[in-house]
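What follows is run-v1.txt (compact mmCIF, C-alpha atoms).
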# COMPACT_ATOMS: atom_id res chain seq x y z
CA MET A 24 -7.71 -26.23 21.03
CA SER A 25 -4.01 -25.33 20.95
CA ALA A 26 -2.63 -23.14 18.22
CA PRO A 27 -0.68 -24.57 15.30
CA THR A 28 2.83 -23.20 15.42
CA ALA A 29 5.57 -22.59 12.88
CA THR A 30 9.07 -21.23 12.87
CA ALA A 31 9.21 -17.45 12.81
CA THR A 32 10.98 -17.45 9.44
CA THR A 33 8.49 -19.34 7.31
CA LEU A 34 6.62 -16.18 6.30
CA MET A 35 9.61 -13.88 6.58
CA THR A 36 12.36 -15.22 4.35
CA PRO A 37 13.56 -13.22 1.32
CA GLU A 38 12.26 -16.00 -0.93
CA CYS A 39 8.81 -15.80 0.65
CA ASN A 40 8.79 -12.01 0.49
CA ALA A 41 9.40 -12.26 -3.26
CA ASN A 42 6.69 -14.89 -3.76
CA PRO A 43 4.59 -15.62 -0.67
CA TYR A 44 1.81 -17.56 -2.37
CA PRO A 45 3.20 -21.11 -2.05
CA GLU A 46 3.68 -20.56 1.68
CA TYR A 47 0.17 -19.12 2.01
CA ASP A 48 -1.20 -22.22 0.33
CA ARG A 49 0.77 -24.50 2.63
CA LEU A 50 -0.32 -22.77 5.84
CA ARG A 51 -3.80 -21.39 5.09
CA ALA A 52 -5.76 -24.41 6.30
CA GLN A 53 -4.11 -24.03 9.74
CA SER A 54 -5.18 -20.39 10.17
CA PRO A 55 -4.93 -18.88 12.74
CA ILE A 56 -1.34 -19.98 13.10
CA PHE A 57 1.10 -18.77 15.74
CA PHE A 58 4.69 -17.78 15.00
CA GLY A 59 6.94 -17.25 17.97
CA GLN A 60 7.96 -18.44 21.38
CA GLU A 61 4.84 -19.45 23.28
CA ALA A 62 1.23 -18.94 22.28
CA GLY A 63 -0.37 -16.52 24.69
CA SER A 64 2.88 -14.92 25.75
CA SER A 65 2.91 -11.14 25.56
CA ALA A 66 6.61 -11.17 24.64
CA GLY A 67 7.04 -11.38 20.89
CA GLY A 68 5.22 -13.70 18.56
CA LEU A 69 2.64 -13.18 15.85
CA TRP A 70 -0.68 -14.76 15.00
CA ALA A 71 -1.25 -15.03 11.25
CA LEU A 72 -4.74 -14.88 9.73
CA LEU A 73 -4.56 -16.43 6.26
CA GLN A 74 -8.12 -17.43 5.40
CA TYR A 75 -10.42 -14.97 3.65
CA ASP A 76 -13.16 -15.19 6.28
CA HIS A 77 -10.66 -14.57 9.09
CA VAL A 78 -9.08 -11.60 7.33
CA TYR A 79 -12.39 -10.03 6.29
CA GLY A 80 -13.82 -10.52 9.76
CA ALA A 81 -10.80 -9.01 11.50
CA LEU A 82 -10.82 -5.97 9.22
CA ALA A 83 -14.51 -5.45 9.94
CA ASP A 84 -14.12 -5.76 13.75
CA HIS A 85 -11.87 -2.96 14.99
CA GLU A 86 -13.21 -3.40 18.52
CA THR A 87 -11.62 -6.86 18.75
CA PHE A 88 -8.73 -6.43 16.32
CA SER A 89 -7.44 -3.01 17.27
CA SER A 90 -5.09 -0.82 15.24
CA ALA A 91 -4.23 1.30 18.26
CA SER A 92 -0.52 1.45 18.90
CA THR A 93 0.99 1.49 22.35
CA GLY A 94 3.94 3.57 21.18
CA GLY A 95 4.40 6.97 19.67
CA SER A 96 3.68 10.25 21.35
CA SER A 97 4.97 13.74 21.54
CA SER A 98 7.54 12.55 24.04
CA ASN A 99 9.40 9.99 21.97
CA SER A 100 11.05 9.82 18.59
CA SER A 101 9.37 6.68 17.29
CA MET A 102 7.19 6.87 14.24
CA ARG A 103 3.47 6.84 15.00
CA LEU A 104 1.28 6.92 11.92
CA VAL A 105 -1.97 8.74 12.65
CA LEU A 106 -5.03 6.89 11.25
CA LEU A 107 -3.10 3.64 10.69
CA ASN A 108 -2.47 3.33 14.45
CA ASP A 109 -5.87 4.63 15.57
CA ASP A 110 -9.34 3.21 16.13
CA PRO A 111 -12.72 4.96 16.15
CA PRO A 112 -13.84 7.40 17.39
CA ARG A 113 -10.40 9.00 17.15
CA HIS A 114 -9.79 7.44 13.73
CA THR A 115 -13.15 8.71 12.46
CA ARG A 116 -12.42 12.29 13.50
CA PHE A 117 -8.94 12.21 12.00
CA ARG A 118 -10.11 10.68 8.75
CA LYS A 119 -12.64 13.46 8.24
CA LEU A 120 -9.75 15.93 8.19
CA VAL A 121 -8.15 14.43 5.11
CA ASN A 122 -11.06 12.72 3.36
CA LYS A 123 -11.74 15.77 1.20
CA ALA A 124 -8.29 15.50 -0.36
CA PHE A 125 -9.15 12.06 -1.76
CA THR A 126 -12.78 12.44 -2.84
CA PRO A 127 -13.64 11.37 -6.40
CA ARG A 128 -14.21 15.04 -7.28
CA ARG A 129 -10.79 16.11 -5.95
CA ILE A 130 -9.10 13.25 -7.80
CA ARG A 131 -10.87 14.21 -11.04
CA GLU A 132 -9.59 17.75 -10.58
CA LEU A 133 -6.09 16.36 -10.11
CA GLU A 134 -6.17 14.10 -13.18
CA PRO A 135 -5.00 16.69 -15.76
CA TRP A 136 -1.98 17.38 -13.57
CA LEU A 137 -1.33 13.62 -13.20
CA GLU A 138 -1.53 13.20 -16.98
CA SER A 139 1.00 16.00 -17.44
CA VAL A 140 3.43 14.31 -15.02
CA VAL A 141 3.01 10.94 -16.75
CA ASN A 142 3.78 12.52 -20.12
CA GLU A 143 6.73 14.35 -18.61
CA LEU A 144 8.18 11.09 -17.27
CA LEU A 145 7.74 9.46 -20.69
CA ARG A 146 8.73 12.51 -22.74
CA ASP A 147 11.89 10.99 -24.22
CA VAL A 148 10.67 7.39 -24.35
CA ASP A 149 9.72 6.33 -27.88
CA GLY A 150 10.64 2.68 -27.50
CA GLY A 151 13.57 0.46 -26.63
CA GLU A 152 14.67 -0.75 -23.21
CA TYR A 153 13.25 1.05 -20.21
CA GLU A 154 13.73 0.56 -16.47
CA VAL A 155 10.20 0.95 -15.11
CA VAL A 156 10.71 1.19 -11.34
CA GLN A 157 13.40 3.85 -11.12
CA ASN A 158 12.09 5.92 -14.02
CA TYR A 159 8.35 5.64 -13.60
CA THR A 160 6.57 3.66 -10.86
CA MET A 161 8.75 5.11 -8.13
CA PRO A 162 8.68 8.84 -9.01
CA LEU A 163 5.03 9.19 -10.12
CA PRO A 164 3.27 8.28 -6.84
CA VAL A 165 5.78 10.21 -4.73
CA MET A 166 5.26 13.28 -6.91
CA ALA A 167 1.48 12.95 -6.58
CA ILE A 168 1.58 12.77 -2.78
CA ALA A 169 4.10 15.63 -2.68
CA GLU A 170 1.68 17.74 -4.74
CA LEU A 171 -1.17 17.07 -2.30
CA LEU A 172 0.97 17.71 0.77
CA GLY A 173 2.51 20.83 -0.73
CA ILE A 174 6.17 19.76 -0.59
CA PRO A 175 8.72 19.96 -3.44
CA ARG A 176 8.19 17.04 -5.79
CA ASP A 177 11.78 17.20 -7.09
CA GLU A 178 12.92 15.74 -3.76
CA TYR A 179 11.08 12.51 -4.54
CA GLN A 180 14.22 10.35 -4.24
CA THR A 181 14.68 11.43 -0.63
CA PHE A 182 11.01 10.83 0.10
CA LYS A 183 11.23 7.38 -1.44
CA ARG A 184 14.30 6.52 0.64
CA TRP A 185 12.44 7.46 3.80
CA THR A 186 9.50 5.29 2.73
CA ASP A 187 11.68 2.28 1.93
CA ASP A 188 13.51 2.57 5.23
CA ALA A 189 10.23 2.83 7.15
CA LEU A 190 8.98 -0.39 5.53
CA GLY A 191 12.31 -2.23 5.60
CA VAL A 192 12.36 -2.69 1.83
CA HIS A 193 16.17 -2.62 1.66
CA PRO A 194 18.71 -4.11 4.09
CA ARG A 195 19.59 -1.22 6.39
CA SER A 196 20.73 -1.19 9.99
CA PRO A 197 18.29 -0.17 12.74
CA GLU A 198 20.42 2.93 13.26
CA GLU A 199 20.12 3.91 9.59
CA ARG A 200 16.37 3.37 9.61
CA GLN A 201 16.01 5.42 12.78
CA GLN A 202 18.06 8.17 11.16
CA SER A 203 15.65 8.21 8.22
CA THR A 204 12.68 8.46 10.58
CA GLN A 205 14.27 11.38 12.41
CA GLU A 206 15.07 13.11 9.11
CA MET A 207 11.47 12.68 7.97
CA MET A 208 10.07 13.99 11.25
CA ALA A 209 12.41 16.98 11.20
CA TYR A 210 11.50 17.76 7.59
CA PHE A 211 7.76 17.71 8.19
CA GLY A 212 8.26 19.65 11.40
CA GLN A 213 9.88 22.42 9.36
CA MET A 214 7.11 22.26 6.75
CA ALA A 215 4.42 22.48 9.43
CA ALA A 216 6.15 25.44 11.10
CA ALA A 217 6.35 27.23 7.74
CA ARG A 218 2.62 26.68 7.12
CA ARG A 219 1.78 28.15 10.51
CA GLU A 220 3.59 31.28 9.41
CA HIS A 221 2.31 31.36 5.85
CA GLY A 222 -0.52 29.00 4.86
CA ALA A 223 -1.06 27.53 1.41
CA GLU A 224 -3.63 25.48 -0.48
CA ASP A 225 -2.29 22.08 0.57
CA LEU A 226 -2.80 19.28 3.04
CA ILE A 227 -0.12 20.36 5.50
CA THR A 228 -1.82 23.74 5.88
CA ALA A 229 -5.16 21.99 6.37
CA LEU A 230 -3.63 19.88 9.14
CA VAL A 231 -1.95 22.71 11.05
CA GLU A 232 -5.13 24.77 10.87
CA ALA A 233 -7.48 21.92 11.72
CA GLU A 234 -9.31 21.48 15.00
CA ILE A 235 -10.90 18.39 16.49
CA GLU A 236 -13.55 19.14 19.07
CA GLY A 237 -12.22 22.67 19.40
CA GLU A 238 -8.58 21.71 19.87
CA ALA A 239 -5.76 22.00 17.35
CA LEU A 240 -3.73 18.92 16.47
CA GLU A 241 -0.57 18.42 18.48
CA ASP A 242 2.72 18.68 16.61
CA TRP A 243 3.34 14.92 16.71
CA GLU A 244 -0.15 14.30 15.30
CA VAL A 245 0.55 16.59 12.34
CA LEU A 246 3.85 14.77 11.76
CA GLY A 247 2.11 11.39 12.01
CA PHE A 248 -0.41 12.44 9.37
CA CYS A 249 2.29 13.66 7.01
CA MET A 250 4.40 10.52 7.38
CA LEU A 251 1.41 8.24 6.86
CA LEU A 252 0.35 10.06 3.71
CA LEU A 253 3.88 9.99 2.31
CA ILE A 254 4.61 6.34 3.12
CA ALA A 255 1.24 4.75 2.38
CA GLY A 256 0.50 7.12 -0.48
CA ASN A 257 3.46 6.18 -2.60
CA GLU A 258 4.45 2.61 -1.75
CA THR A 259 1.07 1.02 -2.48
CA THR A 260 0.75 2.70 -5.87
CA THR A 261 4.36 2.02 -6.84
CA ASN A 262 3.76 -1.68 -6.27
CA LEU A 263 0.34 -1.74 -7.93
CA MET A 264 1.68 -0.15 -11.12
CA GLY A 265 4.88 -2.22 -11.13
CA ASN A 266 2.98 -5.48 -10.66
CA MET A 267 0.57 -4.45 -13.40
CA ILE A 268 3.24 -3.54 -15.95
CA ALA A 269 5.31 -6.64 -15.18
CA PHE A 270 2.26 -8.84 -15.62
CA LEU A 271 1.24 -7.26 -18.93
CA SER A 272 4.78 -7.44 -20.29
CA GLN A 273 4.40 -11.23 -20.24
CA ARG A 274 0.96 -11.26 -21.89
CA PRO A 275 1.16 -9.58 -25.31
CA GLU A 276 -2.32 -10.77 -26.25
CA LEU A 277 -3.82 -8.98 -23.26
CA TRP A 278 -1.87 -5.81 -24.08
CA SER A 279 -3.32 -5.86 -27.59
CA ARG A 280 -6.80 -6.50 -26.24
CA LEU A 281 -6.55 -3.54 -23.88
CA ARG A 282 -5.37 -1.27 -26.70
CA GLU A 283 -8.55 -2.11 -28.55
CA ASP A 284 -10.93 -1.99 -25.59
CA ARG A 285 -10.09 0.51 -22.84
CA SER A 286 -13.28 -0.30 -20.96
CA LEU A 287 -11.42 -3.34 -19.58
CA ILE A 288 -8.90 -1.20 -17.70
CA PRO A 289 -10.85 -0.69 -14.43
CA GLN A 290 -11.54 -4.42 -14.18
CA LEU A 291 -7.90 -5.25 -14.87
CA ILE A 292 -6.79 -2.94 -12.05
CA GLU A 293 -9.18 -4.60 -9.60
CA GLU A 294 -8.07 -8.11 -10.56
CA MET A 295 -4.44 -7.04 -10.19
CA LEU A 296 -5.22 -5.75 -6.69
CA ARG A 297 -6.52 -9.22 -5.86
CA TYR A 298 -3.99 -11.25 -7.80
CA GLU A 299 -0.86 -9.47 -6.54
CA SER A 300 -1.97 -7.31 -3.64
CA PRO A 301 0.50 -4.42 -3.26
CA VAL A 302 0.06 -4.57 0.52
CA GLN A 303 0.31 -8.16 1.71
CA VAL A 304 -0.15 -7.78 5.46
CA LEU A 305 -0.95 -5.20 8.12
CA PHE A 306 -1.05 -5.72 11.85
CA ARG A 307 -3.60 -5.58 14.64
CA ARG A 308 -3.75 -6.24 18.39
CA THR A 309 -6.46 -8.32 20.06
CA THR A 310 -8.40 -6.54 22.79
CA ARG A 311 -10.00 -9.74 24.12
CA ASP A 312 -9.78 -13.48 23.74
CA VAL A 313 -11.17 -14.48 20.35
CA GLU A 314 -11.80 -17.95 18.93
CA LEU A 315 -11.26 -18.83 15.26
CA ASN A 316 -11.40 -22.37 13.88
CA GLY A 317 -11.52 -23.68 17.43
CA VAL A 318 -8.28 -21.88 18.33
CA THR A 319 -8.27 -19.17 20.99
CA ILE A 320 -6.16 -16.10 20.35
CA PRO A 321 -5.65 -14.46 23.75
CA ALA A 322 -6.07 -10.76 24.40
CA GLU A 323 -3.14 -8.41 23.81
CA GLN A 324 -1.66 -10.50 21.00
CA ARG A 325 -0.13 -9.17 17.80
CA VAL A 326 -2.02 -10.37 14.72
CA GLY A 327 -0.91 -10.29 11.09
CA VAL A 328 -3.91 -9.80 8.78
CA PHE A 329 -2.67 -11.19 5.47
CA TYR A 330 -4.50 -9.46 2.62
CA GLY A 331 -2.48 -11.37 0.02
CA ALA A 332 -3.43 -14.76 1.45
CA ALA A 333 -7.12 -13.84 1.67
CA ASN A 334 -7.14 -12.70 -1.95
CA ARG A 335 -5.91 -16.14 -3.07
CA ASP A 336 -8.09 -18.25 -0.79
CA PRO A 337 -9.71 -21.04 -2.88
CA GLU A 338 -12.68 -21.06 -0.49
CA GLU A 339 -13.54 -17.55 -1.71
CA TRP A 340 -12.16 -17.44 -5.24
CA GLU A 341 -12.47 -19.98 -8.04
CA GLU A 342 -9.03 -20.74 -9.50
CA PRO A 343 -7.45 -18.09 -7.23
CA ASP A 344 -3.97 -18.43 -8.74
CA GLU A 345 -5.27 -17.58 -12.21
CA PHE A 346 -5.68 -14.01 -13.45
CA VAL A 347 -9.31 -13.83 -14.61
CA LEU A 348 -10.33 -10.51 -16.10
CA GLU A 349 -14.07 -11.22 -15.91
CA ARG A 350 -14.02 -12.21 -12.24
CA ASP A 351 -16.53 -10.80 -9.70
CA LEU A 352 -14.28 -8.66 -7.53
CA HIS A 353 -16.67 -6.81 -5.25
CA ALA A 354 -15.17 -8.42 -2.13
CA HIS A 355 -11.41 -8.40 -2.68
CA VAL A 356 -9.33 -6.91 0.13
CA GLY A 357 -6.51 -5.44 -1.95
CA PHE A 358 -7.21 -2.07 -0.30
CA GLY A 359 -8.39 -3.57 2.97
CA HIS A 360 -11.93 -3.37 4.31
CA GLY A 361 -13.93 -1.61 6.96
CA THR A 362 -12.81 1.36 9.02
CA HIS A 363 -9.25 1.27 7.70
CA TYR A 364 -10.11 0.85 4.03
CA CYS A 365 -7.32 2.59 2.12
CA LEU A 366 -7.85 6.35 2.23
CA GLY A 367 -5.87 6.88 -0.97
CA SER A 368 -7.53 4.17 -3.06
CA PRO A 369 -9.19 6.70 -5.47
CA LEU A 370 -5.79 8.28 -6.13
CA ALA A 371 -4.08 4.90 -6.61
CA ARG A 372 -6.75 3.76 -9.05
CA ALA A 373 -6.51 7.04 -10.97
CA GLU A 374 -2.73 6.79 -11.28
CA ALA A 375 -2.98 3.18 -12.46
CA ARG A 376 -5.73 4.03 -14.99
CA ILE A 377 -3.92 7.07 -16.38
CA THR A 378 -0.72 5.04 -16.57
CA LEU A 379 -2.35 2.25 -18.55
CA ASN A 380 -4.16 4.55 -20.95
CA THR A 381 -1.02 6.59 -21.64
CA TRP A 382 1.21 3.54 -22.06
CA LEU A 383 -1.32 1.87 -24.35
CA ASP A 384 -1.43 5.04 -26.47
CA ARG A 385 2.34 5.34 -26.70
CA PHE A 386 3.47 1.72 -27.00
CA ALA A 387 2.21 -0.91 -29.42
CA ALA A 388 3.90 -3.71 -27.50
CA ILE A 389 5.74 -4.39 -24.25
CA GLU A 390 7.86 -7.36 -23.25
CA PRO A 391 10.50 -8.20 -20.65
CA ALA A 392 13.98 -6.94 -21.48
CA ALA A 393 15.65 -8.89 -18.67
CA ALA A 394 14.62 -10.74 -15.55
CA PRO A 395 12.80 -8.43 -13.13
CA VAL A 396 13.92 -8.31 -9.50
CA ARG A 397 11.38 -8.60 -6.70
CA GLN A 398 11.90 -6.71 -3.46
CA THR A 399 12.80 -9.21 -0.74
CA GLY A 400 13.40 -7.03 2.32
CA THR A 401 9.89 -7.13 3.78
CA GLY A 402 6.73 -9.20 3.57
CA VAL A 403 4.49 -6.20 4.18
CA VAL A 404 4.44 -5.18 0.51
CA LEU A 405 4.82 -7.03 -2.79
CA GLY A 406 6.63 -5.29 -5.61
CA TYR A 407 9.76 -4.90 -7.69
CA THR A 408 13.08 -3.17 -7.19
CA SER A 409 14.00 -3.56 -10.87
CA LEU A 410 11.71 -4.01 -13.87
CA PRO A 411 13.43 -3.68 -17.27
CA VAL A 412 11.07 -3.87 -20.24
CA SER A 413 11.38 -3.50 -23.98
CA LEU A 414 8.90 -1.10 -25.55
CA THR A 415 7.72 -0.81 -29.15
CA GLY A 416 6.52 2.66 -30.05
CA ALA A 417 3.01 3.00 -31.40
This structure in structure tokens:
Amino acid sequence: MSAPTATATTLMTPECNANPYPEYDRLRAQSPIFFGQEAGSSAGGLWALLQYDHVYGALADHETFSSASTGGSSSNSSMRLVLLNDDPPRHTRFRKLVNKAFTPRRIRELEPWLESVVNELLRDVDGGEYEVVQNYTMPLPVMAIAELLGIPRDEYQTFKRWTDDALGVHPRSPEERQQSTQEMMAYFGQMAAARREHGAEDLITALVEAEIEGEALEDWEVLGFCMLLLIAGNETTTNLMGNMIAFLSQRPELWSRLREDRSLIPQLIEEMLRYESPVQVLFRRTTRDVELNGVTIPAEQRVGVFYGAANRDPEEWEEPDEFVLERDLHAHVGFGHGTHYCLGSPLARAEARITLNTWLDRFAAIEPAAAPVRQTGTGVVLGYTSLPVSLTGA
């Protein structure tokens, strides 16, 4: 059976990046759908998996849907993100190096520090109008990752710029984005060199001192780790918290309910991960011909695995476009699934939970102060660039 095709822009317009769900609904039944020149051509093009079963299956089958990148090495200046661009067994060995930084125990130990940062960010906020993204959801996750890596948290604006440029969140030229990548690589190269001279209790020291099968990591592997942790560690949580606060600002009855019953907070976070997945799509490469819905995706094809579409698939979820607090959420893919399940998910959940508890303590009510602005530069993530709210002090 031949592949359904579509123009390359239907899942890539600014309007779709801001609200992809109508387009998911329109295209989901055709999944897998090919975007590009000629199905089966190795030059360009993208296969989109939009049904829950397709997405879940691809995430569980790294042997067929590989994360391994063909680019990035010690000999070029492109950005290669260790773990994200690796498959087992290499991925398994690398993940063991950093797993201990994100264990539930380590996150619990970090929570008092996170609470202190949250209160510091809100120190002068008693009520009134407040811009959430610039003042809160952007700095908090960057500061948390900076703390784990052992880099100065007061440089969070630079770190955020590098992240946005890596993901294409804002309209920047290829030259400007490449400049950001080179700046980030040079910065972490300096940090790694400093740790080799004088170690510290942080992740960068752990990486430069680590060995896999008796061999130290190469310089580019250390840089790839650092860049992955910075980019993935802050962008996902920024969007999760922004989506959550924006949603609650429009539902005063739910805000009041949460103030009375904090046991609902974990479930609310999980439903938000499904309802507005902070990461909408990540990419794989087929290692062999694979058939889905009677359509053959040839080997060596680029595949978009659309988390956001899977999490709204009516074949998996009853009333998927409704936010249902009591929903069974054991199988959502807001943080992925399988080998590449989000390493930082315990930290993201902790930041979201601490945020909600603190905001519920401090503010009796929250409502929109002006129209929020969605980011429109990329379809990889779903979030806001501006989120003004009006707060009523408790």
query: Which residue gives the smallest distance to Ala233 of chain A among A:Ala167, A:Leu120, A:Met264, A:Leu414, with all atoms listed in the file counted?
result: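 Closest to Ala233 of chain A, using all atoms listed in the file: A:Leu120.
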- request: Go ahead and compute the interatomic distance for atom CA of Pro175 of chain A and atom CA of Tyr210 of chain A, in Å to one decimal.
  value: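 A separation of 11.6 Å between them.
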- prompt: Any idea what the distance is between atom CA of Gly222 of chain A and atom CA of Val245 of chain A?
  reply: 14.5 Å
field: Residue neighbourhood Ser89 of chain A, 10 Å, only C-alpha atoms, exclusion window fewer than 6 positions, as a list in words
entry: Ala81, Leu82, Asn108, Asp109, Asp110, Pro111, Phe306, Arg307, Arg308, Thr309, Thr310, Arg311, Glu323, Arg325 and Val326 of chain A
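Using all atoms listed in the file for every distance, the candidate list A:Asp149, A:Glu294, A:Glu46, A:Glu244 yields A:Asp149 as the residue closest to Ala417 of chain A.
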- prompt: Which residue out of A:Gly331, A:Pro197, A:Pro55, A:Gly265 has the minimum interatomic distance to Arg397 of chain A when all atoms listed in the file are used?
  reply: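 Residue with the minimum atom-to-atom distance to Arg397 of chain A: A:Gly265.
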9 Å contact set for Ser54 of chain A, only C-alpha atoms, chain neighbours under 5 positions out, as a PyMOL selection string: chain A and resi 26-27+70-74+77+315-316+318
message: When you count all atoms listed in the file, which of these residues is closest to Ala392 of chain A: A:Gly406, A:Pro162, A:Gly151, A:Pro112?
response: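 Looking only at the distances to Ala392 of chain A, the closest residue turns out to be A:Gly151.
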query: Which residue gives the smallest distance to Thr408 of chain A among A:Glu283, A:Thr261, A:Arg116, A:Leu277, with only C-alpha atoms counted?
result: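 Under the stated criterion, the closest residue is A:Thr261.
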Return the padded bounding box of segment 208-226 of chain A as JSON: axis-aligned, built from all atoms listed in the file, 5 Å added on each side, with centre and edge lengths in Å to one decimal.
{"center_x": 4.4, "center_y": 22.7, "center_z": 5.5, "size_x": 26.0, "size_y": 27.4, "size_z": 21.9}
Per residue of segment 156-269 of chain A within 9 Å of segment 362-369 of chain A, record the nearest atom pair and its distance in Å to one decimal, counting only C-alpha atoms, with rows in chain order and ascending residue number, as a tab-separated table.
residue	atom	partner	partner_atom	distance
A:Leu252	CA	A:Gly367	CA	8.4
A:Ala255	CA	A:Gly367	CA	8.1
A:Gly256	CA	A:Gly367	CA	6.4
A:Thr260	CA	A:Ser368	CA	8.9
- request: Could you check which of A:Val192, A:Val156, A:Met207, A:Leu34 is closest to Thr401 of chain A, using only C-alpha atoms?
  value: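 Closest to Thr401 of chain A, using only C-alpha atoms: A:Val192.
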